[in-house]
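Containing CSV, C-alpha atoms and all ligand atoms: target-v1.csv.
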chain,number,residue,atom,x,y,z
A,1,MET,CA,0.0,0.0,0.0
A,2,LYS,CA,2.8,2.3,1.0
A,3,LYS,CA,4.6,1.5,-2.3
A,4,LYS,CA,1.4,2.4,-4.3
A,5,SER,CA,1.0,5.7,-2.6
A,6,SER,CA,4.7,6.6,-3.2
A,7,PHE,CA,4.2,5.6,-6.8
A,8,LEU,CA,1.2,7.9,-7.1
A,9,LYS,CA,3.1,10.8,-5.4
A,10,LEU,CA,6.0,10.3,-7.7
A,11,LYS,CA,3.7,10.3,-10.8
A,12,LEU,CA,2.2,13.6,-9.6
A,13,ARG,CA,5.6,15.1,-9.0
A,14,GLU,CA,6.7,14.0,-12.4
A,15,ALA,CA,3.6,15.4,-14.0
A,16,ALA,CA,4.3,18.8,-12.3
A,17,MET,CA,7.9,18.6,-13.4
A,18,ILE,CA,6.9,17.9,-17.0
A,19,SER,CA,4.5,20.7,-17.1
A,20,ARG,CA,7.2,23.0,-15.8
A,21,GLY,CA,9.5,21.6,-18.4
A,22,PHE,CA,7.1,22.4,-21.2
A,23,LEU,CA,6.4,25.9,-19.9
A,24,SER,CA,10.0,27.0,-19.6
A,25,GLN,CA,13.1,25.8,-21.4
A,26,ARG,CA,15.4,27.8,-19.2
A,27,HIS,CA,16.1,25.3,-16.4
A,28,PRO,CA,17.7,21.9,-16.2
A,29,VAL,CA,15.3,18.9,-16.2
A,30,LEU,CA,17.8,16.3,-15.0
A,31,ALA,CA,21.2,16.4,-13.4
A,32,HIS,CA,23.5,13.4,-12.8
A,33,VAL,CA,25.7,14.0,-9.8
A,34,ILE,CA,28.7,11.9,-8.9
A,35,PRO,CA,29.4,11.8,-5.1
A,36,MET,CA,31.9,8.9,-5.5
A,37,ARG,CA,34.0,8.0,-8.5
A,38,ARG,CA,35.3,4.8,-6.8
A,39,CYS,CA,33.7,1.5,-7.5
A,40,ASN,CA,33.9,-1.9,-6.0
A,41,LEU,CA,33.6,-3.6,-9.4
A,42,ALA,CA,35.5,-3.2,-12.6
A,43,CYS,CA,33.2,-3.9,-15.6
A,44,ALA,CA,35.2,-4.4,-18.8
A,45,TYR,CA,33.1,-1.9,-20.8
A,46,CYS,CA,33.1,0.9,-18.2
A,47,ASN,CA,35.1,4.1,-18.3
A,48,GLU,CA,33.3,5.8,-15.3
A,49,TYR,CA,35.1,4.5,-12.3
A,50,ASP,CA,38.4,4.3,-10.4
A,51,ASN,CA,39.5,2.2,-7.5
A,52,TYR,CA,41.1,4.8,-5.3
A,53,SER,CA,39.2,8.1,-5.1
A,54,LYS,CA,37.6,9.5,-1.9
A,55,PRO,CA,34.0,10.4,-1.4
A,56,VAL,CA,33.1,14.1,-2.1
A,57,PRO,CA,32.6,15.6,1.4
A,58,PHE,CA,28.9,16.0,2.3
A,59,ALA,CA,29.1,19.7,2.9
A,60,GLU,CA,30.4,20.1,-0.7
A,61,MET,CA,27.6,17.8,-2.0
A,62,GLN,CA,25.1,20.0,-0.2
A,63,ARG,CA,26.5,23.1,-1.9
A,64,ARG,CA,26.3,21.5,-5.3
A,65,LEU,CA,22.8,20.3,-4.7
A,66,ASP,CA,21.7,23.7,-3.5
A,67,LYS,CA,23.2,25.3,-6.7
A,68,LEU,CA,21.3,22.8,-8.8
A,69,ALA,CA,18.1,23.5,-7.0
A,70,ASP,CA,18.7,27.3,-7.4
A,71,LEU,CA,19.1,26.7,-11.2
A,72,GLY,CA,15.7,25.1,-11.2
A,73,THR,CA,16.7,21.5,-11.6
A,74,ALA,CA,13.8,19.1,-11.4
A,75,ILE,CA,15.4,15.7,-11.0
A,76,ILE,CA,18.7,14.5,-9.5
A,77,THR,CA,20.1,11.1,-10.3
A,78,ILE,CA,23.0,10.0,-8.1
A,79,SER,CA,25.5,7.9,-9.9
A,80,GLY,CA,29.1,6.9,-9.8
A,81,GLY,CA,31.4,4.9,-9.6
A,82,GLU,CA,29.3,3.2,-6.9
A,83,PRO,CA,27.4,5.9,-5.0
A,84,MET,CA,26.5,3.5,-2.2
A,85,MET,CA,30.2,3.5,-1.2
A,86,HIS,CA,29.6,7.2,-0.1
A,87,PRO,CA,29.3,7.2,3.7
A,88,GLN,CA,26.6,9.8,3.7
A,89,ILE,CA,24.5,8.6,0.7
A,90,PHE,CA,21.3,8.7,2.8
A,91,GLU,CA,21.9,12.3,3.8
A,92,ILE,CA,22.6,13.2,0.2
A,93,VAL,CA,19.2,11.7,-0.8
A,94,ALA,CA,17.5,13.5,2.0
A,95,HIS,CA,19.0,16.8,1.0
A,96,ILE,CA,17.8,16.4,-2.6
A,97,ARG,CA,14.3,15.9,-1.3
A,98,ARG,CA,14.6,18.8,1.2
A,99,ARG,CA,15.3,21.1,-1.8
A,100,GLY,CA,12.2,19.8,-3.5
A,101,MET,CA,13.8,17.8,-6.3
A,102,ILE,CA,13.0,14.3,-7.4
A,103,ALA,CA,15.7,11.9,-6.0
A,104,GLY,CA,17.0,8.8,-7.9
A,105,LEU,CA,20.0,6.5,-7.6
A,106,ILE,CA,21.9,4.2,-10.0
A,107,THR,CA,23.7,1.5,-8.1
A,108,ASN,CA,25.3,-1.9,-8.9
A,109,GLY,CA,23.3,-3.2,-5.9
A,110,PHE,CA,26.1,-5.0,-4.1
A,111,TYR,CA,25.8,-2.9,-1.0
A,112,LEU,CA,22.0,-3.2,-0.6
A,113,THR,CA,20.7,-4.7,2.6
A,114,PRO,CA,17.2,-4.6,4.1
A,115,GLU,CA,18.4,-2.0,6.6
A,116,LYS,CA,19.9,0.2,3.9
A,117,ILE,CA,16.7,-0.1,1.8
A,118,ARG,CA,14.7,1.1,4.8
A,119,ARG,CA,17.1,4.0,5.3
A,120,PHE,CA,16.6,5.0,1.6
A,121,ASN,CA,12.8,4.9,2.3
A,122,ALA,CA,13.3,7.2,5.2
A,123,ALA,CA,15.5,9.5,3.3
A,124,GLY,CA,12.8,9.8,0.6
A,125,LEU,CA,14.5,8.1,-2.4
A,126,GLU,CA,12.0,7.9,-5.2
A,127,TYR,CA,13.5,5.6,-7.8
A,128,LEU,CA,16.5,3.3,-8.1
A,129,GLN,CA,18.0,1.5,-11.0
A,130,ILE,CA,20.3,-1.5,-11.0
A,131,SER,CA,21.9,-2.7,-14.2
A,132,ILE,CA,22.3,-6.4,-14.5
A,133,ASP,CA,24.5,-7.6,-17.3
A,134,ASN,CA,24.4,-11.4,-17.2
A,135,VAL,CA,23.0,-14.4,-15.3
A,136,GLU,CA,26.4,-15.7,-14.2
A,137,PRO,CA,29.4,-13.5,-13.5
A,138,ASP,CA,32.2,-13.5,-16.0
A,139,GLU,CA,35.3,-11.5,-16.9
A,140,VAL,CA,33.2,-8.7,-18.5
A,141,SER,CA,30.9,-8.1,-15.6
A,142,LYS,CA,30.1,-9.3,-12.2
A,143,LYS,CA,26.7,-7.6,-12.2
A,144,SER,CA,25.0,-10.9,-12.4
A,145,LEU,CA,21.5,-12.1,-11.6
A,146,ARG,CA,22.8,-14.9,-9.5
A,147,LEU,CA,24.9,-12.6,-7.3
A,148,LEU,CA,22.1,-10.0,-7.1
A,149,ASP,CA,18.9,-11.9,-6.9
A,150,LYS,CA,18.8,-11.9,-3.1
A,151,ARG,CA,19.1,-8.1,-3.1
A,152,LEU,CA,16.3,-7.9,-5.6
A,153,GLN,CA,14.1,-9.9,-3.3
A,154,TRP,CA,15.0,-7.5,-0.5
A,155,LEU,CA,14.0,-4.6,-2.7
A,156,ALA,CA,10.7,-6.2,-3.6
A,157,GLU,CA,10.0,-6.7,0.1
A,158,HIS,CA,11.2,-3.5,1.6
A,159,ALA,CA,11.5,-0.7,-0.9
A,160,ASP,CA,8.9,2.1,-1.0
A,161,PHE,CA,10.5,3.6,-4.1
A,162,GLN,CA,10.3,2.6,-7.7
A,163,VAL,CA,12.8,0.0,-9.0
A,164,ASN,CA,14.0,-0.4,-12.5
A,165,ILE,CA,16.2,-3.3,-13.6
A,166,ASN,CA,18.2,-2.5,-16.7
A,167,SER,CA,19.9,-5.2,-18.8
A,168,VAL,CA,22.3,-4.5,-21.6
A,169,ILE,CA,23.1,-5.8,-25.0
A,170,GLY,CA,26.3,-5.2,-26.9
A,171,GLY,CA,29.6,-4.1,-25.3
A,172,GLY,CA,31.1,-7.6,-25.4
A,173,ILE,CA,28.3,-9.1,-23.3
A,174,LYS,CA,28.6,-12.8,-24.1
A,175,GLN,CA,25.1,-14.1,-23.6
A,176,PRO,CA,22.7,-11.6,-25.0
A,177,GLU,CA,19.8,-14.0,-24.1
A,178,ASP,CA,20.6,-13.3,-20.4
A,179,ALA,CA,18.8,-10.0,-20.9
A,180,ILE,CA,15.5,-11.8,-21.3
A,181,THR,CA,16.1,-13.9,-18.1
A,182,VAL,CA,17.0,-10.7,-16.2
A,183,GLY,CA,14.0,-8.8,-17.6
A,184,ARG,CA,11.6,-11.7,-16.7
A,185,ARG,CA,12.9,-11.8,-13.2
A,186,ALA,CA,12.5,-8.1,-12.8
A,187,LEU,CA,8.9,-8.2,-14.0
A,188,GLU,CA,8.2,-11.2,-11.8
A,189,LEU,CA,9.3,-9.2,-8.8
A,190,GLY,CA,7.1,-6.2,-9.7
A,191,PHE,CA,9.8,-4.0,-11.0
A,192,SER,CA,10.0,-2.3,-14.4
A,193,ALA,CA,12.5,-3.7,-16.9
A,194,THR,CA,14.5,-2.0,-19.6
A,195,VAL,CA,17.3,-3.0,-21.9
A,196,GLY,CA,20.0,-0.7,-23.2
A,197,VAL,CA,22.5,-0.9,-26.1
A,198,ILE,CA,26.1,-0.2,-24.9
A,199,HIS,CA,29.5,0.2,-26.5
A,200,ASP,CA,32.5,-2.1,-26.2
A,201,GLY,CA,35.6,-1.6,-24.1
A,202,GLN,CA,37.1,0.7,-26.8
A,203,GLY,CA,34.0,2.9,-26.7
A,204,GLU,CA,32.8,1.7,-30.2
A,205,LEU,CA,29.1,1.5,-30.7
A,206,LYS,CA,28.6,-1.3,-33.2
A,207,PRO,CA,25.3,-2.3,-34.8
A,208,LEU,CA,23.9,-5.3,-33.0
A,209,ALA,CA,24.5,-8.7,-34.5
A,210,GLU,CA,21.4,-10.7,-35.6
A,211,ARG,CA,21.5,-12.8,-32.4
A,212,GLU,CA,21.5,-9.6,-30.3
A,213,GLN,CA,18.8,-8.0,-32.4
A,214,ARG,CA,16.6,-11.0,-31.9
A,215,VAL,CA,17.1,-10.7,-28.1
A,216,TYR,CA,16.4,-7.0,-28.3
A,217,ARG,CA,13.1,-7.6,-30.2
A,218,GLU,CA,12.0,-10.3,-27.8
A,219,PHE,CA,12.8,-8.1,-24.8
A,220,LYS,CA,10.7,-5.3,-26.3
A,221,GLN,CA,7.7,-7.7,-26.7
A,222,MET,CA,8.1,-8.9,-23.2
A,223,SER,CA,8.3,-5.5,-21.7
A,224,ARG,CA,6.1,-3.6,-24.2
A,225,GLN,CA,5.0,-0.8,-21.9
A,226,GLU,CA,8.6,0.2,-21.0
A,227,TYR,CA,9.5,0.5,-24.6
A,228,ALA,CA,6.8,2.5,-26.2
A,229,ARG,CA,8.4,5.9,-25.6
A,230,LEU,CA,12.0,5.2,-26.6
A,231,ASP,CA,11.5,2.8,-29.5
A,232,TRP,CA,12.7,5.3,-31.9
A,233,PHE,CA,16.1,6.0,-30.3
A,234,GLN,CA,16.9,2.5,-29.3
A,235,GLU,CA,15.7,0.9,-32.5
A,236,ASN,CA,18.0,3.1,-34.6
A,237,LEU,CA,21.0,2.4,-32.3
A,238,ALA,CA,20.4,-1.3,-32.3
A,239,GLN,CA,20.7,-1.2,-36.1
A,240,GLY,CA,23.7,1.2,-36.1
A,241,ARG,CA,21.5,4.0,-37.6
A,242,PRO,CA,22.0,7.6,-36.6
A,243,ASN,CA,19.3,9.5,-34.7
A,244,ASN,CA,18.2,12.9,-35.8
A,245,TRP,CA,17.6,15.0,-32.6
A,246,SER,CA,18.9,18.1,-30.8
A,247,CYS,CA,20.9,17.3,-27.7
A,248,ARG,CA,20.3,19.9,-24.9
A,249,ALA,CA,23.1,18.7,-22.7
A,250,GLY,CA,24.6,21.5,-20.7
A,251,ALA,CA,21.2,23.0,-20.4
A,252,ARG,CA,18.4,20.6,-19.9
A,253,TYR,CA,20.7,17.7,-18.9
A,254,LEU,CA,23.8,18.2,-16.7
A,255,TYR,CA,26.5,15.8,-15.6
A,256,ILE,CA,28.3,17.0,-12.5
A,257,CYS,CA,31.5,15.1,-11.9
A,258,GLU,CA,33.2,14.4,-8.6
A,259,ASP,CA,35.2,17.6,-9.0
A,260,GLY,CA,32.1,19.7,-9.2
A,261,LEU,CA,32.5,20.5,-12.9
A,262,VAL,CA,29.6,20.6,-15.3
A,263,HIS,CA,30.0,18.4,-18.3
A,264,TYR,CA,27.6,17.5,-21.2
A,265,CYS,CA,27.4,13.9,-20.1
A,266,SER,CA,29.5,11.0,-18.9
A,267,GLN,CA,30.9,10.5,-22.4
A,268,GLN,CA,31.7,14.2,-23.1
A,269,ARG,CA,33.6,14.9,-19.9
A,270,GLY,CA,35.6,18.1,-20.3
A,271,THR,CA,33.0,20.0,-22.2
A,272,PRO,CA,32.1,22.6,-21.1
A,273,GLY,CA,34.0,21.7,-17.9
A,274,VAL,CA,32.9,24.8,-16.0
A,275,PRO,CA,32.7,24.7,-12.2
A,276,LEU,CA,29.0,24.2,-11.2
A,277,ALA,CA,29.5,27.1,-8.6
A,278,ASP,CA,30.1,29.4,-11.6
A,279,TYR,CA,27.4,28.1,-13.9
A,280,THR,CA,24.9,30.7,-14.8
A,281,GLN,CA,21.7,31.1,-16.7
A,282,ALA,CA,23.8,32.4,-19.6
A,283,ASP,CA,25.6,29.0,-19.7
A,284,LEU,CA,22.3,27.2,-19.7
A,285,ASP,CA,21.0,29.4,-22.6
A,286,ARG,CA,24.2,29.0,-24.6
A,287,GLU,CA,24.4,25.2,-24.3
A,288,TYR,CA,20.7,24.8,-25.1
A,289,LYS,CA,21.5,26.2,-28.6
A,290,THR,CA,24.9,24.5,-29.0
A,291,GLU,CA,24.8,21.7,-31.6
A,292,LYS,CA,26.4,18.5,-30.3
A,293,TRP,CA,28.4,16.7,-33.0
A,294,CYS,CA,28.0,13.4,-31.2
A,295,ALA,CA,24.2,13.4,-31.2
A,296,PRO,CA,23.5,11.0,-34.1
A,297,TYR,CA,25.0,7.9,-32.3
A,298,CYS,CA,24.5,9.0,-28.8
A,299,THR,CA,23.3,6.4,-26.4
A,300,VAL,CA,22.9,8.6,-23.3
A,301,ALA,CA,19.3,7.8,-22.7
A,302,CYS,CA,18.7,10.5,-20.1
A,303,ALA,CA,19.8,13.3,-22.4
A,304,GLN,CA,17.6,11.9,-25.1
A,305,LYS,CA,14.6,11.7,-22.8
A,306,THR,CA,15.0,15.3,-21.5
A,307,ALA,CA,15.3,16.5,-25.1
A,308,LEU,CA,11.9,15.1,-25.8
A,309,LEU,CA,10.3,17.9,-23.8
A,310,ASP,CA,11.6,20.5,-26.1
A,311,ASP,CA,11.0,19.1,-29.6
A,312,PRO,CA,7.3,18.9,-30.7
A,313,ARG,CA,8.3,16.5,-33.5
A,314,ASN,CA,9.7,14.1,-30.8
A,315,LEU,CA,6.4,14.3,-28.9
A,316,ILE,CA,4.4,13.5,-32.0
A,317,ARG,CA,6.6,10.5,-32.4
A,318,LEU,CA,6.2,9.5,-28.8
A,319,TYR,CA,2.5,9.9,-28.5
A,320,GLY,CA,1.6,9.5,-32.2
A,321,ASP,CA,0.9,5.7,-31.9
A,322,SER,CA,-1.4,6.2,-28.9
A,323,LEU,CA,-3.1,9.1,-30.5
A,324,ARG,CA,-3.6,7.2,-33.8
A,325,GLN,CA,-5.1,4.3,-31.9
A,326,TRP,CA,-7.4,6.6,-29.9
A,327,VAL,CA,-8.7,8.2,-33.0
A,328,LYS,CA,-9.1,4.9,-34.7
A,329,ASP,CA,-11.1,3.6,-31.8
A,330,LYS,CA,-13.3,6.7,-31.7
A,331,SER,CA,-13.8,6.9,-35.4
A,332,GLY,CA,-14.8,3.3,-35.9
A,333,GLY,CA,-11.6,2.2,-37.6
A,334,GLN,CA,-10.5,5.2,-39.6
A,335,PRO,CA,-6.8,5.6,-38.9
A,336,LEU,CA,-4.8,8.9,-38.7
A,337,PRO,CA,-2.0,9.3,-41.2
A,338,VAL,CA,1.4,8.3,-40.0
A,339,VAL,CA,3.7,11.2,-39.2
A,340,ALA,CA,6.5,11.4,-41.8
A,341,PRO,CA,9.9,10.7,-40.5
A,342,ALA,CA,12.3,13.6,-40.0
A,343,PRO,CA,14.8,14.4,-42.7
A,344,ALA,CA,18.1,12.6,-42.4
A,345,PRO,CA,20.9,14.7,-40.8
A,346,THR,CA,23.0,16.7,-43.3
A,347,HIS,CA,26.1,16.0,-41.2
A,348,VAL,CA,26.6,12.6,-39.5
A,349,ALA,CA,29.4,12.4,-37.1
A,350,PRO,CA,31.5,9.2,-37.2
A,351,VAL,CA,30.9,6.6,-34.6
A,352,LYS,CA,33.5,7.3,-31.9
A,353,SER,CA,33.9,6.7,-28.3
A,354,HIS,CA,31.2,9.0,-27.1
A,355,ASP,CA,28.3,6.7,-26.2
A,356,VAL,CA,27.2,5.8,-22.8
A,357,VAL,CA,28.6,3.2,-20.6
A,358,LYS,CA,25.5,2.3,-18.8
A,359,PRO,CA,22.0,3.3,-19.5
A,360,ASP,CA,20.7,5.9,-17.1
A,361,ALA,CA,17.8,5.9,-14.7
A,362,VAL,CA,15.2,8.6,-14.5
A,363,PRO,CA,11.7,8.5,-13.2
A,364,GLN,CA,9.3,6.4,-15.2
A,365,VAL,CA,7.7,9.3,-17.0
A,366,LEU,CA,11.0,10.1,-18.6
A,367,SER,CA,12.4,6.7,-18.7
A,368,ALA,CA,11.9,3.9,-21.2
A,369,GLU,CA,8.2,3.6,-20.3
A,401,LIG,S1,29.5,-0.2,-14.8
A,401,LIG,FE1,29.0,0.5,-12.7
A,401,LIG,S2,29.5,-1.3,-11.5
A,401,LIG,FE2,30.6,-1.6,-13.4
A,401,LIG,S3,32.6,-0.6,-13.0
A,401,LIG,FE3,31.3,1.0,-14.0
A,401,LIG,S4,30.5,2.1,-12.2
A,401,LIG,FE4,31.3,0.1,-11.4
A,402,LIG,S1,27.2,12.0,-26.1
A,402,LIG,FE1,25.0,12.4,-26.3
A,402,LIG,S2,24.4,13.4,-24.4
A,402,LIG,FE2,26.6,13.6,-24.6
A,402,LIG,S3,26.8,15.6,-25.6
A,402,LIG,FE3,26.8,14.0,-27.2
A,402,LIG,S4,24.8,13.9,-27.9
A,402,LIG,FE4,24.7,15.0,-25.9
Mind turning this structure into C-alpha cells?
Ligand code: SF4
Ligand code: SF4
Amino acid sequence: MKKKSSFLKLKLREAAMISRGFLSQRHPVLAHVIPMRRCNLACAYCNEYDNYSKPVPFAEMQRRLDKLADLGTAIITISGGEPMMHPQIFEIVAHIRRRGMIAGLITNGFYLTPEKIRRFNAAGLEYLQISIDNVEPDEVSKKSLRLLDKRLQWLAEHADFQVNINSVIGGGIKQPEDAITVGRRALELGFSATVGVIHDGQGELKPLAEREQRVYREFKQMSRQEYARLDWFQENLAQGRPNNWSCRAGARYLYICEDGLVHYCSQQRGTPGVPLADYTQADLDREYKTEKWCAPYCTVACAQKTALLDDPRNLIRLYGDSLRQWVKDKSGGQPLPVVAPAPAPTHVAPVKSHDVVKPDAVPQVLSAE
C-alpha cells in the first residue's frame, strides 16, 4: 500500500515537473551527480570508475545540490562509480528531497541490505536503477542475476521507491539471451525492466548482431510498456543507424563530476568543464542552442529523454501511436495518417567513443516507459 501511494506521489511530482519543463526551457530537467568515483567492481566496458578516489565531502555535495536547486533542476540522479560507497549517501538523498527535487539512484546493488533499503525509504528516495549484465558472473561483468537476486528480493520486500532493472546488449556481453532472463525476473518481482545498447571496451558502438537484435526484439515484446516511448532512439542504435535530434546537454541535462564541474554527459567529460558554482543562466542558454556533433550515435538515454520535452516532433513520435489508436477507436476504424519521418541529418558524425557506458535511470515518465 505504501509503495502504491509513493508511486502515485512520484507520478504527480513527475507530471508537475513535465508541465514546468514544457512551460519554460530555461532550467535543467535532470542532473546526474557523482558523489563517489570509486567502484567496488571493474566492468570491462566501463570508463566511469576508479579504485582509489575518496567520497566528495557531504558539505560540498550540499553546496552542489543547492546550486542545482537554485538553477531550477527538477530531478537529480545520483550515480558513480558506486554511489553506495559514499558514507553519507542517505543524507545526500534527504538533501535532494529537502530542496524539492526528485531523487533517484543508480547502483550496482552490491551494498543493498534490508536496513539500507529502509534508510533509503526514510531519506525519501523515489527511484532506483540496477543494471544487471548477465546471469552468471564472467570476466566482462560481475553484475549478475545470480549474485544480485537476493538483493532484488529485499528490494521487492522493503522498498517504498520505484525500482527499474536494466539489462544491456552489446559491449562484449557474451550471452545476450541473459537480458531476457533478467527482464523476466524483474517483472516477476514487480519492477520495471529495460534494456540498453552499450558500447564495447574501446568505446565503439557497433550495430547489434542478428542474435543480439533477436534478443532486443524479444525483450521489447516482453516489456512492451517500458519501450513505447523510446523505441525510436533504441531501434536506430540497435541497427547502427543515426538518430536525428537536438541534444540539450549542458542546459536541460547536466553531468556533475566528482570535482564539481559541469559536463555535457559521462561521455563528453571536459565540455564545457565549467565549475558548477560558476554556472549561470547564460551558460544554460548558450548550451541549449549548441549543436552536439555526437548526437547521431549518442546512447545517453537521459539526455535523449530530456530533449523530448523540447521538440514537438519528438512528442508526436512519442504519442503518435497512442493518438492514432485513440482516433481509430473513436472513429470506428478510420486511422490517422502516420507522421512522416524527420529528414536525415545533413552531417553525420563518425561513430566514436562517445556513447554511454551504462543506460541511465530517470523517473518512469522520462524513462523507457
Ligand atoms: S559499470 Fe557501474 S558497477 Fe561496473 S565498473 Fe562501472 S561504475 Fe562500477
Ligand atoms: S554524447 Fe549524447 S548526451 Fe553527450 S553531448 Fe553528445 S549527444 Fe549529448
**Prompt:** Smallest atom-to-atom distance to ligand LIG 402 (chain A): which of A:Cys298, A:Leu254, A:Leu309, A:Ile92, using all atoms listed in the file?
**Reply:**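 Selected residue with least distance to ligand LIG 402 (chain A): A:Cys298.
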**Asked** Once you count all atoms listed in the file, which residues end up within 6 Å of ligand LIG 402 (chain A), and could you hand them over as a VMD selection string?
**Response** chain A and resid 247 249 264 to 265 267 to 268 292 294 to 295 298 300 303 354 to 355
**Message:** Using only C-alpha atoms and all ligand atoms, which residues have at least one atom no more than 10 Å from ligand LIG 401 (chain A)? Output them as an MDAnalysis selection string.
**Reply:** chainID A and resid 36:51 79:83 106:110 130:133 140:143 357:359
**Prompt:** If you count all atoms listed in the file, which residues fall within 6 Å of A:Pro296, apart from same-chain ones fewer than 6 positions away, as number ranges by chain?
**Reply:** A: 242-244
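Computed from the coordinates, the atom CA of A:Ala69 to atom CA of A:Ala122 distance equals 20.9 Å.
Comparing the minimum interatomic distances between A:Leu65 and each of A:Val168, A:Glu136, A:Ala282, A:Ala277, counting all atoms listed in the file, we find that A:Ala277 sits nearest.
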**Item:** Point-to-point distance from atom CA of A:Met61 to atom CA of A:Ser167, Å rounded to tenths
**Value:**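 We find that atom CA of A:Met61 and atom CA of A:Ser167 lie 29.5 Å from each other.
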Where atoms are lacking, stretch 82-100 of chain A completed to N, CA and C atoms, as a PDB file, in the coordinates of the input:
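out_39.pdb, written as the output of this step:
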ATOM      1  N   GLU A  82      30.408   3.801  -7.690  1.00  0.00           N
ATOM      2  CA  GLU A  82      29.300   3.200  -6.900  1.00  0.00           C
ATOM      3  C   GLU A  82      28.920   4.131  -5.804  1.00  0.00           C
ATOM      4  N   PRO A  83      27.786   4.816  -5.979  1.00  0.00           N
ATOM      5  CA  PRO A  83      27.400   5.900  -5.000  1.00  0.00           C
ATOM      6  C   PRO A  83      27.121   5.327  -3.619  1.00  0.00           C
ATOM      7  N   MET A  84      26.782   4.021  -3.505  1.00  0.00           N
ATOM      8  CA  MET A  84      26.500   3.500  -2.200  1.00  0.00           C
ATOM      9  C   MET A  84      27.780   3.337  -1.342  1.00  0.00           C
ATOM     10  N   MET A  85      28.953   3.542  -1.961  1.00  0.00           N
ATOM     11  CA  MET A  85      30.200   3.500  -1.200  1.00  0.00           C
ATOM     12  C   MET A  85      30.357   4.874  -0.425  1.00  0.00           C
ATOM     13  N   HIS A  86      29.538   5.862  -0.792  1.00  0.00           N
ATOM     14  CA  HIS A  86      29.600   7.200  -0.100  1.00  0.00           C
ATOM     15  C   HIS A  86      29.053   6.997   1.305  1.00  0.00           C
ATOM     16  N   PRO A  87      29.822   7.390   2.356  1.00  0.00           N
ATOM     17  CA  PRO A  87      29.300   7.200   3.700  1.00  0.00           C
ATOM     18  C   PRO A  87      28.082   7.943   4.084  1.00  0.00           C
ATOM     19  N   GLN A  88      27.776   9.012   3.327  1.00  0.00           N
ATOM     20  CA  GLN A  88      26.600   9.800   3.700  1.00  0.00           C
ATOM     21  C   GLN A  88      25.555   9.800   2.524  1.00  0.00           C
ATOM     22  N   ILE A  89      25.451   8.679   1.882  1.00  0.00           N
ATOM     23  CA  ILE A  89      24.500   8.600   0.700  1.00  0.00           C
ATOM     24  C   ILE A  89      23.092   8.891   1.148  1.00  0.00           C
ATOM     25  N   PHE A  90      22.701   8.480   2.343  1.00  0.00           N
ATOM     26  CA  PHE A  90      21.300   8.700   2.800  1.00  0.00           C
ATOM     27  C   PHE A  90      21.048  10.200   3.011  1.00  0.00           C
ATOM     28  N   GLU A  91      22.048  10.855   3.584  1.00  0.00           N
ATOM     29  CA  GLU A  91      21.900  12.300   3.800  1.00  0.00           C
ATOM     30  C   GLU A  91      21.850  13.052   2.482  1.00  0.00           C
ATOM     31  N   ILE A  92      22.590  12.565   1.500  1.00  0.00           N
ATOM     32  CA  ILE A  92      22.600  13.200   0.200  1.00  0.00           C
ATOM     33  C   ILE A  92      21.153  13.111  -0.415  1.00  0.00           C
ATOM     34  N   VAL A  93      20.572  11.910  -0.330  1.00  0.00           N
ATOM     35  CA  VAL A  93      19.200  11.700  -0.800  1.00  0.00           C
ATOM     36  C   VAL A  93      18.244  12.657  -0.098  1.00  0.00           C
ATOM     37  N   ALA A  94      18.373  12.681   1.227  1.00  0.00           N
ATOM     38  CA  ALA A  94      17.500  13.500   2.000  1.00  0.00           C
ATOM     39  C   ALA A  94      17.613  14.991   1.640  1.00  0.00           C
ATOM     40  N   HIS A  95      18.834  15.421   1.345  1.00  0.00           N
ATOM     41  CA  HIS A  95      19.000  16.800   1.000  1.00  0.00           C
ATOM     42  C   HIS A  95      18.373  17.156  -0.358  1.00  0.00           C
ATOM     43  N   ILE A  96      18.461  16.219  -1.282  1.00  0.00           N
ATOM     44  CA  ILE A  96      17.800  16.400  -2.600  1.00  0.00           C
ATOM     45  C   ILE A  96      16.302  16.662  -2.357  1.00  0.00           C
ATOM     46  N   ARG A  97      15.719  15.809  -1.511  1.00  0.00           N
ATOM     47  CA  ARG A  97      14.300  15.900  -1.300  1.00  0.00           C
ATOM     48  C   ARG A  97      13.945  17.230  -0.499  1.00  0.00           C
ATOM     49  N   ARG A  98      14.837  17.574   0.449  1.00  0.00           N
ATOM     50  CA  ARG A  98      14.600  18.800   1.200  1.00  0.00           C
ATOM     51  C   ARG A  98      14.518  20.012   0.237  1.00  0.00           C
ATOM     52  N   ARG A  99      15.315  19.947  -0.832  1.00  0.00           N
ATOM     53  CA  ARG A  99      15.300  21.100  -1.800  1.00  0.00           C
ATOM     54  C   ARG A  99      14.234  20.902  -2.865  1.00  0.00           C
ATOM     55  N   GLY A 100      13.345  19.936  -2.674  1.00  0.00           N
ATOM     56  CA  GLY A 100      12.200  19.800  -3.500  1.00  0.00           C
ATOM     57  C   GLY A 100      12.411  19.145  -4.881  1.00  0.00           C
TER      58      GLY A 100
END
